[in-house]
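Dumped structure-v4.csv below, it's CSV, C-alpha atoms:
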chain,number,residue,atom,x,y,z
A,1,MET,CA,0.0,0.0,0.0
A,2,ASN,CA,1.0,3.6,-0.6
A,3,PRO,CA,3.8,2.9,-3.1
A,4,ASP,CA,4.3,6.6,-3.9
A,5,PHE,CA,5.2,7.5,-0.4
A,6,LEU,CA,8.9,7.1,-0.7
A,7,LYS,CA,9.0,9.0,-4.0
A,8,ARG,CA,7.1,11.9,-2.5
A,9,LYS,CA,9.3,11.8,0.7
A,10,LYS,CA,12.4,12.2,-1.5
A,11,ASP,CA,10.8,15.0,-3.5
A,12,ILE,CA,9.7,16.9,-0.5
A,13,LEU,CA,13.0,16.6,1.4
A,14,SER,CA,15.1,17.6,-1.5
A,15,LYS,CA,13.0,20.7,-2.4
A,16,GLN,CA,14.2,24.1,-1.3
A,17,ASP,CA,12.7,25.1,2.1
A,18,LYS,CA,9.9,27.6,1.5
A,19,SER,CA,9.8,29.0,5.0
A,20,SER,CA,11.0,32.5,5.5
A,21,LYS,CA,13.8,31.1,7.7
A,22,GLN,CA,15.0,28.7,5.0
A,23,GLY,CA,15.7,25.9,7.4
A,24,TYR,CA,14.7,24.1,10.6
A,25,ASP,CA,14.7,26.0,13.9
A,26,GLU,CA,17.9,25.1,15.7
A,27,LYS,CA,16.0,23.6,18.7
A,28,ILE,CA,13.9,21.2,16.6
A,29,LYS,CA,16.5,20.3,13.9
A,30,ASP,CA,17.7,17.0,15.5
A,31,LEU,CA,14.1,15.8,16.1
A,32,CYS,CA,13.2,16.5,12.5
A,33,GLU,CA,16.3,14.7,11.2
A,34,LYS,CA,15.6,11.7,13.5
A,35,ILE,CA,12.0,11.5,12.1
A,36,ASN,CA,13.2,11.8,8.5
A,37,GLN,CA,15.7,9.0,8.9
A,38,LYS,CA,12.8,6.6,9.5
A,39,GLN,CA,11.5,5.2,6.2
A,40,ASN,CA,7.8,5.6,6.9
A,41,TYR,CA,7.8,9.3,8.0
A,42,TYR,CA,8.8,12.7,6.8
A,43,THR,CA,8.3,16.2,8.3
A,44,THR,CA,6.4,18.8,6.2
A,45,SER,CA,6.7,21.7,8.6
A,46,SER,CA,8.1,22.5,12.1
A,47,CYS,CA,8.6,25.2,14.6
A,48,SER,CA,10.4,24.9,18.0
A,49,GLY,CA,8.1,27.5,19.6
A,50,ARG,CA,8.3,31.3,19.1
A,51,VAL,CA,7.3,34.7,20.2
A,52,VAL,CA,5.9,37.1,17.6
A,53,VAL,CA,4.2,40.4,17.5
A,54,VAL,CA,1.9,40.6,14.4
A,55,LYS,CA,-0.4,43.2,12.9
A,56,ASP,CA,-4.0,42.4,13.7
A,57,ILE,CA,-5.0,41.6,10.2
A,58,SER,CA,-5.2,38.5,8.1
A,59,LYS,CA,-1.9,37.1,6.7
A,60,SER,CA,-0.2,39.6,4.5
A,61,PRO,CA,3.4,40.6,3.7
A,62,GLY,CA,5.1,42.5,6.5
A,63,VAL,CA,2.7,41.1,9.1
A,64,PHE,CA,5.5,40.3,11.6
A,65,LEU,CA,6.6,43.3,13.7
A,66,PHE,CA,8.8,41.1,15.9
A,67,ALA,CA,9.8,37.4,15.8
A,68,SER,CA,12.0,35.3,18.1
A,69,HIS,CA,12.7,31.6,18.3
A,70,ASP,CA,14.9,32.1,21.3
A,71,LEU,CA,14.4,33.4,24.8
A,72,ILE,CA,13.3,37.1,24.7
A,73,ASP,CA,14.4,39.9,27.0
A,74,PHE,CA,12.4,42.9,28.3
A,75,GLU,CA,14.7,45.6,26.9
A,76,ASN,CA,14.8,44.2,23.4
A,77,LEU,CA,11.1,43.6,23.3
A,78,LYS,CA,10.3,47.1,24.6
A,79,LYS,CA,12.6,48.6,21.9
A,80,GLU,CA,10.8,46.7,19.2
A,81,LEU,CA,7.4,47.7,20.5
A,82,GLU,CA,8.3,51.4,20.2
A,83,GLY,CA,8.0,51.1,16.4
A,84,ILE,CA,4.4,49.9,16.3
A,85,LYS,CA,2.2,52.1,14.2
A,86,ASP,CA,-1.0,50.0,14.0
A,87,ASN,CA,-2.7,47.4,16.0
A,88,GLY,CA,-0.5,44.6,17.3
A,89,ILE,CA,-1.1,41.1,18.8
A,90,PHE,CA,1.5,39.5,21.0
A,91,LYS,CA,1.7,35.7,20.5
A,92,GLN,CA,3.9,33.1,22.2
A,93,GLU,CA,3.3,29.9,20.4
A,94,PRO,CA,4.3,26.3,21.4
A,95,CYS,CA,6.3,23.8,19.3
A,96,ILE,CA,4.5,22.4,16.4
A,97,LEU,CA,5.3,19.6,13.9
A,98,HIS,CA,3.6,18.2,10.8
A,99,VAL,CA,4.6,14.7,9.9
A,100,ALA,CA,3.5,12.7,6.9
A,101,CYS,CA,3.1,9.0,7.8
A,102,ARG,CA,3.0,6.1,5.3
A,103,GLU,CA,0.3,3.9,7.0
A,104,PHE,CA,-2.3,4.5,9.6
A,105,LYS,CA,-0.4,2.3,12.1
A,106,ASP,CA,2.7,4.6,11.6
A,107,ALA,CA,0.6,7.6,12.4
A,108,GLU,CA,-0.9,5.9,15.4
A,109,LYS,CA,2.5,5.0,16.8
A,110,LEU,CA,3.9,8.6,16.4
A,111,LEU,CA,0.7,10.1,17.9
A,112,LYS,CA,1.0,8.0,21.0
A,113,LYS,CA,4.6,8.9,21.5
A,114,ALA,CA,3.9,12.6,21.1
A,115,GLN,CA,1.1,12.4,23.6
A,116,LEU,CA,3.4,10.5,26.0
A,117,GLY,CA,6.1,13.2,25.5
A,118,GLY,CA,3.7,16.0,26.5
A,119,TRP,CA,2.6,17.2,23.1
A,120,LYS,CA,-1.0,17.4,24.4
A,121,ARG,CA,-2.8,18.8,21.4
A,122,SER,CA,-1.8,16.2,18.8
A,123,GLY,CA,-3.9,14.4,16.3
A,124,ILE,CA,-4.2,12.8,12.9
A,125,ILE,CA,-5.5,15.7,10.8
A,126,SER,CA,-5.6,14.2,7.3
A,127,SER,CA,-5.9,10.7,5.8
A,128,LYS,CA,-6.1,11.2,2.0
A,129,ASP,CA,-3.3,9.2,0.4
A,130,LYS,CA,-1.0,9.4,3.4
A,131,PHE,CA,-1.7,10.3,7.0
A,132,ILE,CA,-0.7,13.6,8.5
A,133,CYS,CA,0.0,14.0,12.2
A,134,GLU,CA,-0.1,17.5,13.7
A,135,LEU,CA,1.9,17.4,16.9
A,136,LEU,CA,1.4,20.4,19.1
A,137,SER,CA,2.0,21.5,22.6
A,138,THR,CA,-0.2,23.8,24.7
A,139,GLU,CA,1.9,26.5,26.3
A,140,LYS,CA,0.6,29.7,24.7
A,141,LEU,CA,0.1,33.4,25.3
A,142,GLU,CA,-1.9,35.7,23.1
A,143,PHE,CA,-3.3,39.2,23.7
A,144,PRO,CA,-3.6,42.6,22.0
A,145,ILE,CA,-0.5,44.7,22.7
A,146,ALA,CA,-1.1,47.9,20.7
A,147,ASP,CA,-4.2,49.7,19.4
A,148,LYS,CA,-3.8,52.3,16.7
A,149,GLY,CA,-0.1,52.7,17.5
A,150,LYS,CA,-0.7,53.1,21.3
A,151,LEU,CA,0.9,50.5,23.5
A,152,LEU,CA,-1.8,48.9,25.7
A,153,VAL,CA,0.4,47.4,28.4
A,154,ASP,CA,3.0,48.7,30.9
A,155,ASP,CA,6.4,47.6,31.9
A,156,ASP,CA,5.3,45.5,34.9
A,157,PHE,CA,3.0,43.5,32.7
A,158,LEU,CA,5.6,43.1,30.0
A,159,LYS,CA,8.1,41.8,32.5
A,160,VAL,CA,5.7,39.1,33.7
A,161,VAL,CA,4.9,38.3,30.1
A,162,VAL,CA,8.6,38.0,29.2
A,163,GLU,CA,9.2,35.6,32.1
A,164,LYS,CA,6.1,33.5,31.3
A,165,SER,CA,7.0,33.4,27.6
A,166,ASN,CA,10.5,32.2,28.3
A,167,GLU,CA,9.2,29.5,30.7
A,168,ASN,CA,6.8,28.4,28.0
A,169,LEU,CA,9.5,28.3,25.3
A,170,GLU,CA,11.7,26.2,27.6
A,171,LYS,CA,8.8,23.8,28.2
A,172,SER,CA,8.5,23.4,24.4
A,173,TRP,CA,12.2,22.6,24.1
A,174,GLU,CA,11.9,20.0,26.9
A,175,LYS,CA,9.0,18.4,25.0
A,176,ILE,CA,11.1,18.3,21.8
A,177,GLY,CA,13.8,16.5,23.7
A,178,ARG,CA,11.3,14.0,25.2
A,179,LEU,CA,9.8,13.1,21.9
A,180,LYS,CA,13.2,12.7,20.3
A,181,SER,CA,14.2,10.3,23.1
A,182,LEU,CA,10.9,8.3,22.7
A,183,LEU,CA,11.4,7.8,18.9
B,19,MET,CA,-16.5,-4.6,14.1
B,20,ASN,CA,-16.7,-2.7,17.3
B,21,PRO,CA,-19.9,-4.5,18.7
B,22,ASP,CA,-19.6,-2.8,22.1
B,23,PHE,CA,-19.9,0.7,20.7
B,24,LEU,CA,-23.7,1.1,21.0
B,25,LYS,CA,-23.7,-0.3,24.5
B,26,ARG,CA,-21.0,2.1,25.6
B,27,LYS,CA,-22.8,5.0,23.8
B,28,LYS,CA,-26.0,4.2,25.8
B,29,ASP,CA,-24.1,3.9,29.1
B,30,ILE,CA,-22.2,7.2,28.6
B,31,LEU,CA,-25.3,9.2,27.4
B,32,SER,CA,-27.4,8.0,30.3
B,33,LYS,CA,-24.8,8.7,33.0
B,34,GLN,CA,-25.1,11.8,35.0
B,35,ASP,CA,-23.1,14.7,33.6
B,36,LYS,CA,-19.9,15.1,35.6
B,37,SER,CA,-19.1,18.6,34.5
B,38,SER,CA,-19.5,21.4,37.0
B,39,LYS,CA,-22.2,22.9,34.8
B,40,GLN,CA,-24.2,19.6,34.8
B,41,GLY,CA,-25.3,19.9,31.2
B,42,TYR,CA,-24.3,21.1,27.7
B,43,ASP,CA,-23.6,24.8,27.2
B,44,GLU,CA,-26.7,26.4,25.6
B,45,LYS,CA,-24.9,27.4,22.4
B,46,ILE,CA,-23.6,23.9,21.6
B,47,LYS,CA,-26.6,21.8,22.9
B,48,ASP,CA,-28.2,21.4,19.5
B,49,LEU,CA,-25.0,20.4,17.8
B,50,CYS,CA,-24.3,17.7,20.5
B,51,GLU,CA,-27.9,16.4,20.2
B,52,LYS,CA,-27.6,16.2,16.4
B,53,ILE,CA,-24.4,14.2,16.7
B,54,ASN,CA,-25.8,11.9,19.4
B,55,GLN,CA,-28.8,11.1,17.1
B,56,LYS,CA,-26.4,9.5,14.7
B,57,GLN,CA,-25.8,5.8,15.4
B,58,ASN,CA,-22.1,5.8,15.0
B,59,TYR,CA,-21.2,8.8,17.1
B,60,TYR,CA,-21.5,10.2,20.6
B,61,THR,CA,-20.1,13.3,22.3
B,62,THR,CA,-18.0,12.8,25.4
B,63,SER,CA,-17.3,16.5,26.2
B,64,SER,CA,-18.1,19.9,24.8
B,65,CYS,CA,-17.7,23.6,25.4
B,66,SER,CA,-19.2,26.4,23.3
B,67,GLY,CA,-16.2,28.7,24.0
B,68,ARG,CA,-15.6,30.6,27.3
B,69,VAL,CA,-13.8,33.3,29.2
B,70,VAL,CA,-12.2,32.3,32.5
B,71,VAL,CA,-9.8,33.8,34.9
B,72,VAL,CA,-7.9,31.1,36.8
B,73,LYS,CA,-5.3,30.9,39.5
B,74,ASP,CA,-1.9,30.3,38.0
B,75,ILE,CA,-1.4,26.8,39.5
B,76,SER,CA,-2.1,23.4,38.2
B,77,LYS,CA,-5.8,22.2,38.4
B,78,SER,CA,-7.2,22.3,41.9
B,79,PRO,CA,-10.5,23.1,43.6
B,80,GLY,CA,-11.5,26.7,43.5
B,81,VAL,CA,-9.1,27.4,40.6
B,82,PHE,CA,-11.7,29.5,38.7
B,83,LEU,CA,-11.9,33.1,39.8
B,84,PHE,CA,-14.3,34.0,36.9
B,85,ALA,CA,-16.1,32.0,34.2
B,86,SER,CA,-18.5,33.0,31.5
B,87,HIS,CA,-19.9,31.1,28.5
B,88,ASP,CA,-21.7,34.2,27.3
B,89,LEU,CA,-20.4,37.6,26.1
B,90,ILE,CA,-18.6,39.5,28.8
B,91,ASP,CA,-18.8,43.2,29.7
B,92,PHE,CA,-16.2,45.5,31.0
B,93,GLU,CA,-17.9,46.6,34.2
B,94,ASN,CA,-18.7,43.1,35.3
B,95,LEU,CA,-15.2,41.7,34.5
B,96,LYS,CA,-13.6,44.7,36.3
B,97,LYS,CA,-15.7,44.0,39.4
B,98,GLU,CA,-14.7,40.3,39.5
B,99,LEU,CA,-11.0,41.2,39.1
B,100,GLU,CA,-11.1,43.4,42.2
B,101,GLY,CA,-11.3,40.2,44.3
B,102,ILE,CA,-8.1,38.6,43.0
B,103,LYS,CA,-5.7,37.8,45.8
B,104,ASP,CA,-3.1,35.7,44.0
B,105,ASN,CA,-1.8,35.3,40.5
B,106,GLY,CA,-4.4,35.2,37.8
B,107,ILE,CA,-4.4,34.1,34.2
B,108,PHE,CA,-7.1,35.4,31.8
B,109,LYS,CA,-8.2,32.8,29.1
B,110,GLN,CA,-10.6,33.1,26.3
B,111,GLU,CA,-11.0,29.7,24.9
B,112,PRO,CA,-12.6,28.6,21.6
B,113,CYS,CA,-15.3,25.9,21.2
B,114,ILE,CA,-14.2,22.3,21.7
B,115,LEU,CA,-15.9,19.0,21.2
B,116,HIS,CA,-14.8,15.4,21.8
B,117,VAL,CA,-16.7,12.8,19.8
B,118,ALA,CA,-16.4,9.0,20.0
B,119,CYS,CA,-16.7,7.5,16.5
B,120,ARG,CA,-17.5,3.8,15.8
B,121,GLU,CA,-15.2,3.2,12.8
B,122,PHE,CA,-12.2,5.0,11.3
B,123,LYS,CA,-14.3,6.1,8.3
B,124,ASP,CA,-16.9,7.7,10.7
B,125,ALA,CA,-14.1,9.7,12.3
B,126,GLU,CA,-12.6,10.7,9.0
B,127,LYS,CA,-16.0,11.9,7.8
B,128,LEU,CA,-16.6,14.0,10.9
B,129,LEU,CA,-13.1,15.4,10.8
B,130,LYS,CA,-13.5,16.6,7.3
B,131,LYS,CA,-16.8,18.4,8.1
B,132,ALA,CA,-15.3,20.0,11.1
B,133,GLN,CA,-12.3,21.3,9.1
B,134,LEU,CA,-14.7,22.6,6.4
B,135,GLY,CA,-16.8,24.3,9.1
B,136,GLY,CA,-13.7,26.3,10.3
B,137,TRP,CA,-12.8,24.1,13.3
B,138,LYS,CA,-9.1,24.4,12.2
B,139,ARG,CA,-7.4,22.6,15.0
B,140,SER,CA,-9.2,19.2,14.7
B,141,GLY,CA,-7.8,15.7,14.6
B,142,ILE,CA,-8.2,12.1,15.5
B,143,ILE,CA,-6.6,11.8,18.9
B,144,SER,CA,-7.2,8.2,19.9
B,145,SER,CA,-7.8,4.9,18.2
B,146,LYS,CA,-7.9,2.3,20.9
B,147,ASP,CA,-11.2,0.5,20.7
B,148,LYS,CA,-13.1,3.4,19.2
B,149,PHE,CA,-11.9,6.6,17.5
B,150,ILE,CA,-12.0,9.9,19.3
B,151,CYS,CA,-12.1,13.1,17.3
B,152,GLU,CA,-11.1,16.3,19.1
B,153,LEU,CA,-12.7,19.2,17.2
B,154,LEU,CA,-11.3,22.6,18.2
B,155,SER,CA,-11.3,26.1,16.8
B,156,THR,CA,-8.4,28.6,17.1
B,157,GLU,CA,-9.7,31.9,18.5
B,158,LYS,CA,-7.9,32.3,21.8
B,159,LEU,CA,-6.5,34.9,24.2
B,160,GLU,CA,-4.3,34.1,27.2
B,161,PHE,CA,-2.2,36.3,29.4
B,162,PRO,CA,-1.3,36.9,33.0
B,163,ILE,CA,-3.7,39.4,34.5
B,164,ALA,CA,-2.7,39.6,38.2
B,165,ASP,CA,0.6,39.0,40.0
B,166,LYS,CA,0.4,38.5,43.8
B,167,GLY,CA,-3.0,40.2,44.0
B,168,LYS,CA,-1.9,43.2,41.9
B,169,LEU,CA,-3.8,43.8,38.6
B,170,LEU,CA,-1.3,44.0,35.8
B,171,VAL,CA,-3.5,45.7,33.2
B,172,ASP,CA,-5.4,48.9,32.9
B,173,ASP,CA,-8.9,49.8,31.7
B,174,ASP,CA,-7.9,50.7,28.2
B,175,PHE,CA,-6.3,47.2,27.7
B,176,LEU,CA,-9.3,45.5,29.4
B,177,LYS,CA,-11.7,47.2,27.1
B,178,VAL,CA,-9.8,46.0,24.0
B,179,VAL,CA,-9.7,42.5,25.5
B,180,VAL,CA,-13.4,42.4,26.2
B,181,GLU,CA,-14.2,43.5,22.6
B,182,LYS,CA,-11.8,40.9,21.2
B,183,SER,CA,-13.0,38.1,23.5
B,184,ASN,CA,-16.6,38.8,22.5
B,185,GLU,CA,-15.6,38.8,18.8
B,186,ASN,CA,-13.9,35.4,19.3
B,187,LEU,CA,-16.8,33.9,21.2
B,188,GLU,CA,-19.1,34.9,18.4
B,189,LYS,CA,-16.8,33.3,15.9
B,190,SER,CA,-17.0,30.1,17.9
B,191,TRP,CA,-20.8,30.2,17.9
B,192,GLU,CA,-20.8,30.7,14.1
B,193,LYS,CA,-18.6,27.6,13.7
B,194,ILE,CA,-20.9,25.6,15.9
B,195,GLY,CA,-23.7,26.6,13.6
B,196,ARG,CA,-21.7,25.8,10.4
B,197,LEU,CA,-20.8,22.3,11.7
B,198,LYS,CA,-24.3,21.6,12.7
B,199,SER,CA,-25.6,22.5,9.2
B,200,LEU,CA,-22.9,20.3,7.6
B,201,LEU,CA,-23.9,17.2,9.5
Would you mind writing the file's structure down as structure tokens?
Amino acid sequence: MNPDFLKRKKDILSKQDKSSKQGYDEKIKDLCEKINQKQNYYTTSSCSGRVVVVKDISKSPGVFLFASHDLIDFENLKKELEGIKDNGIFKQEPCILHVACREFKDAEKLLKKAQLGGWKRSGIISSKDKFICELLSTEKLEFPIADKGKLLVDDDFLKVVVEKSNENLEKSWEKIGRLKSLL
Amino acid sequence: MNPDFLKRKKDILSKQDKSSKQGYDEKIKDLCEKINQKQNYYTTSSCSGRVVVVKDISKSPGVFLFASHDLIDFENLKKELEGIKDNGIFKQEPCILHVACREFKDAEKLLKKAQLGGWKRSGIISSKDKFICELLSTEKLEFPIADKGKLLVDDDFLKVVVEKSNENLEKSWEKIGRLKSLL
């Protein structure tokens, strides 16, 4: 069953990375490579967790006002926020991974390991000619940060948010490590 | 296959509701009932979307400082926030539904309809003796609102949050309606 899987896997993994970063996030690279070494799996997208400030509009060019895949610090965030001219949304997002799986039993196996590794919001999201697992953790922050160029939050709030975001990013990285060791 | 499914469905649906609310949220009741009328499906949990303020600790009794399944208003939220003595997290969460499905093809069919209806974070999360679909939308806010009893945000911020929360709740209710009409 599914004879085209290996051909598609080869095609996908040899194509140029279309993400704006042009490559895996450093913290999730080893996990992706471990998955891609297994015959019946390949990753189609990944993020190790991130903090972004985006314009409050649907996806369009220049929507990112700030983006970090590493720990953030108050001074740097504050500086970036000074440039906001419109509405802004702050988002700290957990690690996410999309994996194509050859057979249902392959998807089932990966899903169980992800759940065991603490990726609590994981599921099989597509079953057309292959099975796609979306593996996702839950640590997340999201709130409006600027309204018509005016910052809506003060330094005390931002300091708590920086601390919480960094805690959450570290939890994501822990979960990446746990899943890697379970595979 | 799966001969025990109908027996378990009957058992589950006749059991007393264990949620603190003791019943479906009003806005998702019709959708749950429509699902439960279909032989090969039954709902195991549901929420139409909500706004809560919780203590920043792992689940424990009395963790909810504020909870609403309906639109919120600034005056009322502000009043509730005055009573916070510890750390608090504000969460506006989207609609969520867990549905037990008899066969894989039943789960697949429901999943596709949920995705088509805008429940973008949906997947098959378990496949032990039946298949469980988690259907989830994405409109969400989450941020620290109080630190050691001190409110971290001002009225201007809260007013934007109330407006955004209500927009998000209405999007959840729209999606509940869309899924119901697709079933």
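Taking only C-alpha atoms into account, the polymer residues that have an atom no farther than 10 Å from (-25.6, 20.9, 21.0) are Tyr42, Asp43, Glu44, Lys45, Ile46, Lys47, Asp48, Leu49, Cys50, Glu51, Lys52, Ile53, Asn54, Thr61, Ser64, Cys65, Ser66, Leu115, Ile194, Gly195 and Lys198 of chain B.
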| task | Skip Gln57 (chain B) itself and residues of its chain fewer than 2 positions away, then list as a VMD selection string all residues within 10 Å of it, counting only C-alpha atoms. | result | chain B and resid 23 to 24 27 53 to 55 59 to 60 119 to 120
Hey, could you make a per-residue contact list for chain A against chain B with 10 Å as the cut-off, showing the nearest pair of atoms and its distance in Å to one decimal, counting only C-alpha atoms, sorted by chain and number, as a Markdown table?
| residue | atom | partner | partner_atom | distance |
| --- | --- | --- | --- | --- |
| A:Ile89 | CA | B:Leu159 | CA | 9.8 |
| A:Phe90 | CA | B:Phe161 | CA | 9.7 |
| A:Lys91 | CA | B:Leu159 | CA | 9.0 |
| A:Gln92 | CA | B:Glu160 | CA | 9.7 |
| A:Lys105 | CA | B:Ser145 | CA | 9.9 |
| A:Glu108 | CA | B:Ser145 | CA | 7.5 |
| A:Leu111 | CA | B:Ile143 | CA | 7.6 |
| A:Lys112 | CA | B:Ser144 | CA | 8.3 |
| A:Gln115 | CA | B:Ile143 | CA | 9.0 |
| A:Lys120 | CA | B:Ile143 | CA | 9.6 |
| A:Arg121 | CA | B:Ile143 | CA | 8.3 |
| A:Ser122 | CA | B:Ile143 | CA | 6.5 |
| A:Gly123 | CA | B:Gly141 | CA | 4.4 |
| A:Ile124 | CA | B:Ile142 | CA | 4.8 |
| A:Ile125 | CA | B:Gly141 | CA | 4.4 |
| A:Ser126 | CA | B:Gly141 | CA | 7.8 |
| A:Ser127 | CA | B:Glu126 | CA | 7.4 |
| A:Lys128 | CA | B:Glu126 | CA | 9.6 |
| A:Ile132 | CA | B:Gly141 | CA | 9.6 |
| A:Cys133 | CA | B:Gly141 | CA | 8.3 |
| A:Glu134 | CA | B:Gly141 | CA | 8.0 |
| A:Leu136 | CA | B:Arg139 | CA | 10.0 |
| A:Glu139 | CA | B:Glu160 | CA | 9.8 |
| A:Lys140 | CA | B:Glu160 | CA | 7.0 |
| A:Leu141 | CA | B:Glu160 | CA | 4.8 |
| A:Glu142 | CA | B:Leu159 | CA | 4.8 |
| A:Phe143 | CA | B:Leu159 | CA | 5.4 |
| A:Pro144 | CA | B:Val179 | CA | 7.0 |
| A:Ile145 | CA | B:Phe175 | CA | 8.1 |
| A:Ala146 | CA | B:Phe175 | CA | 8.7 |
| A:Asp147 | CA | B:Val178 | CA | 8.1 |
| A:Leu151 | CA | B:Phe175 | CA | 9.0 |
| A:Leu152 | CA | B:Phe175 | CA | 5.2 |
| A:Val153 | CA | B:Val171 | CA | 6.4 |
| A:Asp154 | CA | B:Val171 | CA | 7.5 |
| A:Asp155 | CA | B:Leu170 | CA | 9.4 |
| A:Asp156 | CA | B:Leu170 | CA | 6.8 |
| A:Phe157 | CA | B:Leu170 | CA | 5.3 |
| A:Leu158 | CA | B:Leu170 | CA | 9.1 |
| A:Val160 | CA | B:Pro162 | CA | 7.4 |
| A:Val161 | CA | B:Pro162 | CA | 7.0 |
| A:Lys164 | CA | B:Pro162 | CA | 8.3 |
| A:Ser165 | CA | B:Phe161 | CA | 9.8 |
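Note that CA of Pro112 (chain B) and CA of Asp88 (chain B) are 12.1 Å apart.
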| What is the CA of Thr138 (chain A) to CA of Lys97 (chain B) distance in Å? | 29.4 Å
| query | In Å, how far is it from CA of Asp104 (chain B) to CA of Glu170 (chain A)? | reply | 24.0 Å
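Remark: for Ile72 (chain A), the closest of the candidate residues A:Val51, A:Lys109, A:Gly88, A:Gly149 is A:Val51 (distances computed over all atoms listed in the file).
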| Which of these, B:Leu83, B:Leu95, B:Asn186, B:Val117, has the shortest distance to Lys56 (chain B) once you count only C-alpha atoms? | B:Val117
| said: Would you pick out the contacts of Ala85 (chain B) at 9 Å or less, using all atoms listed in the file, so that residues sharing its chain but fewer than 6 positions from it are not included, and give the list as a VMD selection string? | reply: chain B and resid 68 to 72
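Nearest to Leu99 (chain B) of all the residues B:Asp22, B:Phe84, B:Ile30, B:Gly136 is B:Phe84, counting all atoms listed in the file.
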| request: Might you pull out every residue within 7 Å of Glu121 (chain B), with only C-alpha atoms counted and same-chain residues fewer than 3 positions away left off, and present them as an NGL selection string? | output: :B and (124-125 or 148-149)
